[in-house]
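Structure file run37.cif; described as mmCIF, C-alpha atoms.
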data_my_file
loop_
_atom_site.group_PDB
_atom_site.id
_atom_site.type_symbol
_atom_site.label_atom_id
_atom_site.label_comp_id
_atom_site.auth_asym_id
_atom_site.auth_seq_id
_atom_site.Cartn_x
_atom_site.Cartn_y
_atom_site.Cartn_z
ATOM 1 C CA MET A 1 -9.374 -223.656 -207.786
ATOM 2 C CA ALA A 2 -11.168 -225.027 -204.726
ATOM 3 C CA THR A 3 -10.185 -223.727 -201.336
ATOM 4 C CA GLN A 4 -10.080 -225.983 -198.327
ATOM 5 C CA PRO A 5 -12.294 -225.191 -195.349
ATOM 6 C CA PRO A 6 -10.528 -223.951 -192.236
ATOM 7 C CA GLN A 7 -9.207 -226.746 -190.030
ATOM 8 C CA LEU A 8 -10.112 -226.611 -186.329
ATOM 9 C CA THR A 9 -7.950 -228.545 -183.871
ATOM 10 C CA PHE A 10 -7.848 -228.821 -180.090
ATOM 11 C CA GLN A 11 -4.569 -229.670 -178.433
ATOM 12 C CA VAL A 12 -2.663 -229.636 -175.193
ATOM 13 C CA ASP A 13 -0.234 -226.762 -175.582
ATOM 14 C CA ASP A 14 2.577 -224.869 -173.882
ATOM 15 C CA PRO A 15 1.206 -221.614 -172.405
ATOM 16 C CA GLY A 16 4.667 -220.088 -172.787
ATOM 17 C CA ALA A 17 4.831 -220.688 -176.556
ATOM 18 C CA GLY A 18 5.401 -217.572 -178.633
ATOM 19 C CA ASP A 19 2.040 -217.757 -180.404
ATOM 20 C CA ILE A 20 0.145 -218.457 -177.145
ATOM 21 C CA VAL A 21 1.454 -215.619 -174.967
ATOM 22 C CA PRO A 22 -0.438 -212.903 -176.925
ATOM 23 C CA LEU A 23 -3.671 -214.897 -176.525
ATOM 24 C CA ILE A 24 -3.207 -215.108 -172.750
ATOM 25 C CA ASP A 25 -2.303 -211.402 -172.619
ATOM 26 C CA GLU A 26 -5.479 -210.587 -174.573
ATOM 27 C CA PHE A 27 -7.513 -212.659 -172.092
ATOM 28 C CA GLU A 28 -5.958 -210.823 -169.126
ATOM 29 C CA GLY A 29 -6.740 -207.491 -170.815
ATOM 30 C CA TYR A 30 -10.331 -208.602 -171.359
ATOM 31 C CA LEU A 31 -10.688 -209.412 -167.649
ATOM 32 C CA ALA A 32 -9.111 -206.087 -166.700
ATOM 33 C CA GLU A 33 -11.768 -204.282 -168.781
ATOM 34 C CA LEU A 34 -14.580 -206.219 -167.098
ATOM 35 C CA TYR A 35 -13.253 -206.014 -163.553
ATOM 36 C CA PRO A 36 -11.387 -202.900 -162.413
ATOM 37 C CA GLU A 37 -8.319 -203.452 -160.265
ATOM 38 C CA SER A 38 -10.343 -202.636 -157.146
ATOM 39 C CA GLU A 39 -12.614 -205.623 -157.904
ATOM 40 C CA ARG A 40 -9.811 -208.047 -158.664
ATOM 41 C CA ARG A 41 -7.925 -209.711 -155.901
ATOM 42 C CA PRO A 42 -4.506 -211.332 -155.744
ATOM 43 C CA GLY A 43 -4.700 -214.804 -157.171
ATOM 44 C CA ASP A 44 -7.326 -214.029 -159.818
ATOM 45 C CA ALA A 45 -4.899 -215.426 -162.369
ATOM 46 C CA ALA A 46 -4.924 -218.786 -160.559
ATOM 47 C CA PRO A 47 -4.234 -221.506 -161.312
ATOM 48 C CA PRO A 48 -0.738 -220.585 -162.500
ATOM 49 C CA LEU A 49 -0.252 -222.191 -165.896
ATOM 50 C CA HIS A 50 3.256 -223.577 -165.420
ATOM 51 C CA ARG A 51 2.594 -226.114 -162.682
ATOM 52 C CA PRO A 52 2.777 -229.896 -163.039
ATOM 53 C CA ASN A 53 -0.913 -230.305 -162.140
ATOM 54 C CA VAL A 54 -2.085 -227.849 -164.846
ATOM 55 C CA THR A 55 -3.032 -228.779 -168.411
ATOM 56 C CA PHE A 56 -3.371 -225.947 -170.927
ATOM 57 C CA MET A 57 -5.290 -226.401 -174.174
ATOM 58 C CA THR A 58 -5.825 -224.332 -177.273
ATOM 59 C CA ALA A 59 -8.273 -224.329 -180.130
ATOM 60 C CA ARG A 60 -6.495 -223.513 -183.368
ATOM 61 C CA VAL A 61 -7.852 -222.623 -186.784
ATOM 62 C CA ASP A 62 -5.333 -223.501 -189.474
ATOM 63 C CA GLY A 63 -2.665 -223.588 -186.773
ATOM 64 C CA VAL A 64 -3.476 -220.150 -185.332
ATOM 65 C CA PRO A 65 -4.596 -220.118 -181.664
ATOM 66 C CA VAL A 66 -8.088 -218.609 -181.362
ATOM 67 C CA ALA A 67 -9.197 -219.908 -177.954
ATOM 68 C CA CYS A 68 -7.716 -221.367 -174.804
ATOM 69 C CA GLY A 69 -8.600 -223.010 -171.540
ATOM 70 C CA ALA A 70 -6.840 -224.814 -168.734
ATOM 71 C CA PHE A 71 -7.540 -227.161 -165.897
ATOM 72 C CA ALA A 72 -5.750 -227.873 -162.635
ATOM 73 C CA ASP A 73 -5.995 -231.224 -160.879
ATOM 74 C CA HIS A 74 -6.543 -230.710 -157.144
ATOM 75 C CA ASP A 75 -6.937 -234.446 -156.330
ATOM 76 C CA ASP A 76 -10.589 -234.348 -155.157
ATOM 77 C CA TYR A 77 -11.703 -231.984 -157.966
ATOM 78 C CA VAL A 78 -10.431 -230.421 -161.188
ATOM 79 C CA GLU A 79 -10.666 -226.667 -161.703
ATOM 80 C CA VAL A 80 -11.347 -225.288 -165.184
ATOM 81 C CA ALA A 81 -9.910 -221.810 -165.739
ATOM 82 C CA LYS A 82 -8.568 -219.408 -168.373
ATOM 83 C CA MET A 83 -11.378 -220.078 -170.849
ATOM 84 C CA TYR A 84 -11.174 -217.452 -173.588
ATOM 85 C CA VAL A 85 -12.297 -217.164 -177.212
ATOM 86 C CA ILE A 86 -11.043 -214.262 -179.322
ATOM 87 C CA PRO A 87 -13.813 -211.844 -180.370
ATOM 88 C CA THR A 88 -13.540 -212.520 -184.118
ATOM 89 C CA VAL A 89 -14.694 -216.140 -183.717
ATOM 90 C CA ARG A 90 -17.245 -215.754 -180.924
ATOM 91 C CA GLY A 91 -20.761 -216.974 -181.579
ATOM 92 C CA LEU A 92 -19.621 -220.015 -183.595
ATOM 93 C CA GLY A 93 -19.867 -222.542 -180.750
ATOM 94 C CA LEU A 94 -16.134 -222.660 -180.196
ATOM 95 C CA GLY A 95 -16.418 -222.109 -176.425
ATOM 96 C CA LYS A 96 -18.732 -225.123 -176.139
ATOM 97 C CA GLN A 97 -16.387 -227.261 -178.226
ATOM 98 C CA LEU A 98 -13.378 -226.158 -176.185
ATOM 99 C CA LEU A 99 -15.163 -226.914 -172.916
ATOM 100 C CA GLU A 100 -16.038 -230.382 -174.255
ATOM 101 C CA ALA A 101 -12.393 -230.929 -175.266
ATOM 102 C CA LEU A 102 -11.249 -229.892 -171.772
ATOM 103 C CA GLU A 103 -13.794 -232.226 -170.165
ATOM 104 C CA ASP A 104 -12.670 -235.097 -172.429
ATOM 105 C CA GLU A 105 -9.073 -234.518 -171.358
ATOM 106 C CA ILE A 106 -10.149 -234.334 -167.694
ATOM 107 C CA ARG A 107 -11.965 -237.674 -168.061
ATOM 108 C CA ARG A 108 -8.879 -239.231 -169.693
ATOM 109 C CA SER A 109 -6.800 -238.100 -166.732
ATOM 110 C CA GLY A 110 -9.300 -239.607 -164.262
ATOM 111 C CA GLY A 111 -11.087 -236.439 -163.117
ATOM 112 C CA LYS A 112 -14.661 -236.856 -161.917
ATOM 113 C CA LEU A 113 -15.697 -233.496 -160.406
ATOM 114 C CA VAL A 114 -15.098 -230.205 -162.231
ATOM 115 C CA ARG A 115 -15.355 -226.805 -160.569
ATOM 116 C CA LEU A 116 -14.840 -223.281 -161.836
ATOM 117 C CA GLU A 117 -15.117 -219.650 -160.879
ATOM 118 C CA SER A 118 -16.601 -217.089 -163.231
ATOM 119 C CA GLY A 119 -17.342 -213.422 -162.810
ATOM 120 C CA THR A 120 -20.772 -211.851 -162.757
ATOM 121 C CA ALA A 121 -19.913 -209.692 -165.791
ATOM 122 C CA GLN A 122 -19.244 -212.765 -167.926
ATOM 123 C CA THR A 123 -22.866 -213.646 -168.683
ATOM 124 C CA GLU A 124 -21.995 -215.511 -171.909
ATOM 125 C CA ALA A 125 -19.634 -217.755 -169.953
ATOM 126 C CA GLN A 126 -22.278 -218.456 -167.334
ATOM 127 C CA GLU A 127 -24.761 -219.410 -170.064
ATOM 128 C CA LEU A 128 -22.162 -221.697 -171.638
ATOM 129 C CA TYR A 129 -21.441 -223.461 -168.343
ATOM 130 C CA GLU A 130 -25.115 -223.796 -167.387
ATOM 131 C CA GLY A 131 -25.902 -225.180 -170.840
ATOM 132 C CA ALA A 132 -23.129 -227.742 -170.357
ATOM 133 C CA GLY A 133 -24.638 -228.951 -167.082
ATOM 134 C CA TYR A 134 -22.709 -226.909 -164.515
ATOM 135 C CA ARG A 135 -24.629 -225.853 -161.413
ATOM 136 C CA ARG A 136 -23.926 -223.168 -158.827
ATOM 137 C CA CYS A 137 -21.969 -224.207 -155.746
ATOM 138 C CA GLY A 138 -20.101 -222.567 -152.891
ATOM 139 C CA SER A 139 -16.560 -221.244 -153.041
ATOM 140 C CA PHE A 140 -13.771 -223.802 -153.120
ATOM 141 C CA GLY A 141 -10.012 -224.120 -152.727
ATOM 142 C CA THR A 142 -8.292 -220.753 -152.327
ATOM 143 C CA HIS A 143 -11.209 -218.889 -153.913
ATOM 144 C CA ARG A 144 -13.318 -216.728 -151.644
ATOM 145 C CA ALA A 145 -16.820 -215.521 -152.332
ATOM 146 C CA THR A 146 -17.120 -211.920 -153.506
ATOM 147 C CA PRO A 147 -20.050 -209.988 -154.975
ATOM 148 C CA HIS A 148 -18.418 -210.500 -158.412
ATOM 149 C CA SER A 149 -17.816 -214.269 -158.196
ATOM 150 C CA ILE A 150 -19.926 -217.193 -159.304
ATOM 151 C CA PHE A 151 -18.864 -220.739 -158.485
ATOM 152 C CA MET A 152 -20.064 -223.756 -160.432
ATOM 153 C CA GLU A 153 -19.463 -227.497 -160.567
ATOM 154 C CA LYS A 154 -20.292 -230.540 -162.652
ATOM 155 C CA SER A 155 -19.867 -234.249 -162.069
ATOM 156 C CA LEU A 156 -18.252 -236.160 -164.915
ATOM 157 C CA ALA A 157 -18.833 -239.525 -163.194
#

Structure re-expressed in structure tokens:
Amino acid sequence: MATQPPQLTFQVDDPGAGDIVPLIDEFEGYLAELYPESERRPGDAAPPLHRPNVTFMTARVDGVPVACGAFADHDDYVEVAKMYVIPTVRGLGLGKQLLEALEDEIRRSGGKLVRLESGTAQTEAQELYEGAGYRRCGSFGTHRATPHSIFMEKSLA
């Protein structure tokens, strides 16, 4: 009997859904391991996921969430945040595909400039963003420069 290959889907999702909450908790735990409390500042979880200007997306394999990302529309720019891929599927290009899905959704909603903050310990993320055309920029919005922060942006226009 032939088995079907796993099905990968990207979709706008509810960050409060029962199968999503553990993924977000795992992401927060991952950040806590990389950046001790003394290096994290209030607001590191920004943008809050349950705001009208925030779109949350998941990548699912056979319906199971394996990666997530979000973006917040700030009128003159869109901030990508909460990008996370579970360890068991890393190295398969899923982060790149998720970033492309987020950018496609941003374009559909009229966004032209994308910004993000990443941490210095997240070298794989920095490589992903640089490979996708993001370039370093100064701090933006409510973010403030710290020795552990990297700010990047990309024009979608």

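Here atom CA of His74 of chain A is placed at a distance of 25.1 Å from atom CA of Asp25 of chain A.
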
Q | Shell of 7 Å around segment 138-149 of chain A, all atoms listed in the file, local chain residues under 2 positions omitted, as a list of chain:residue names | A |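 The residues satisfying every condition are A:Glu117, A:Ser118, A:Gly119, A:Thr120, A:Phe151.
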
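Between Glu124 of chain A and the candidates A:Thr9, A:Gly110, A:Pro52, A:Gly93, the tightest atom-to-atom separation, counting only C-alpha atoms, involves A:Gly93.
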
Q) From the set A:Val12, A:Ile24, A:Ala32, A:Ala17, which residue has the shortest atom-to-atom contact distance to Thr58 of chain A, counting only C-alpha atoms? A) A:Val12

Q. Which distance in Å separates atom CA of Ala59 of chain A and atom CA of Asp76 of chain A, to one decimal?
A.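 So the two atoms, atom CA of Ala59 of chain A and atom CA of Asp76 of chain A, lie 27.0 Å apart.
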
Q. What separation in Å, quoted to one decimal, exists between atom CA of Leu49 of chain A and atom CA of Pro15 of chain A?
A. 6.7 Å

Apply the PyMOL selection byres ((chain A and resi 85) around 9) to the file shown and report the selected residues as a compact mmCIF listing (two decimals) with C-alpha atoms, keeping the file's coordinate frame.
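Wrote selection.txt, looks like this:
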# COMPACT_ATOMS: atom_id res chain seq x y z
CA LEU A 23 -3.67 -214.90 -176.52
CA PHE A 27 -7.51 -212.66 -172.09
CA ALA A 59 -8.27 -224.33 -180.13
CA VAL A 66 -8.09 -218.61 -181.36
CA ALA A 67 -9.20 -219.91 -177.95
CA CYS A 68 -7.72 -221.37 -174.80
CA GLY A 69 -8.60 -223.01 -171.54
CA MET A 83 -11.38 -220.08 -170.85
CA TYR A 84 -11.17 -217.45 -173.59
CA ILE A 86 -11.04 -214.26 -179.32
CA PRO A 87 -13.81 -211.84 -180.37
CA THR A 88 -13.54 -212.52 -184.12
CA VAL A 89 -14.69 -216.14 -183.72
CA ARG A 90 -17.24 -215.75 -180.92
CA LEU A 94 -16.13 -222.66 -180.20
CA GLY A 95 -16.42 -222.11 -176.42

Q. Between A:Leu113, A:Val61, A:Ile150, A:Ala81, which is the closest to Pro48 of chain A once you count all atoms listed in the file?
A.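 With all atoms listed in the file as the atom set, the closest residue is A:Ala81.
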
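Within the 6 Å cut-off around Lys112 of chain A, using all atoms listed in the file and omitting residues fewer than 3 positions from it on the same chain, the listed residues are Ser155, Leu156 and Ala157 of chain A.
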
Hey, what comes out of the PyMOL selection byres ((chain A and resi 96) around 9) on this file? Could you write it as an mmCIF file with C-alpha atoms, in the frame of the given file?
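Once everything was written out, this is expr04.cif:
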data_model
loop_
_atom_site.group_PDB
_atom_site.id
_atom_site.type_symbol
_atom_site.label_atom_id
_atom_site.label_comp_id
_atom_site.auth_asym_id
_atom_site.auth_seq_id
_atom_site.Cartn_x
_atom_site.Cartn_y
_atom_site.Cartn_z
ATOM 1 C CA GLY A 93 -19.867 -222.542 -180.750
ATOM 2 C CA LEU A 94 -16.134 -222.660 -180.196
ATOM 3 C CA GLY A 95 -16.418 -222.109 -176.425
ATOM 4 C CA GLN A 97 -16.387 -227.261 -178.226
ATOM 5 C CA LEU A 98 -13.378 -226.158 -176.185
ATOM 6 C CA LEU A 99 -15.163 -226.914 -172.916
ATOM 7 C CA GLU A 100 -16.038 -230.382 -174.255
ATOM 8 C CA ALA A 101 -12.393 -230.929 -175.266
ATOM 9 C CA LEU A 128 -22.162 -221.697 -171.638
ATOM 10 C CA TYR A 129 -21.441 -223.461 -168.343
ATOM 11 C CA GLY A 131 -25.902 -225.180 -170.840
ATOM 12 C CA ALA A 132 -23.129 -227.742 -170.357
#
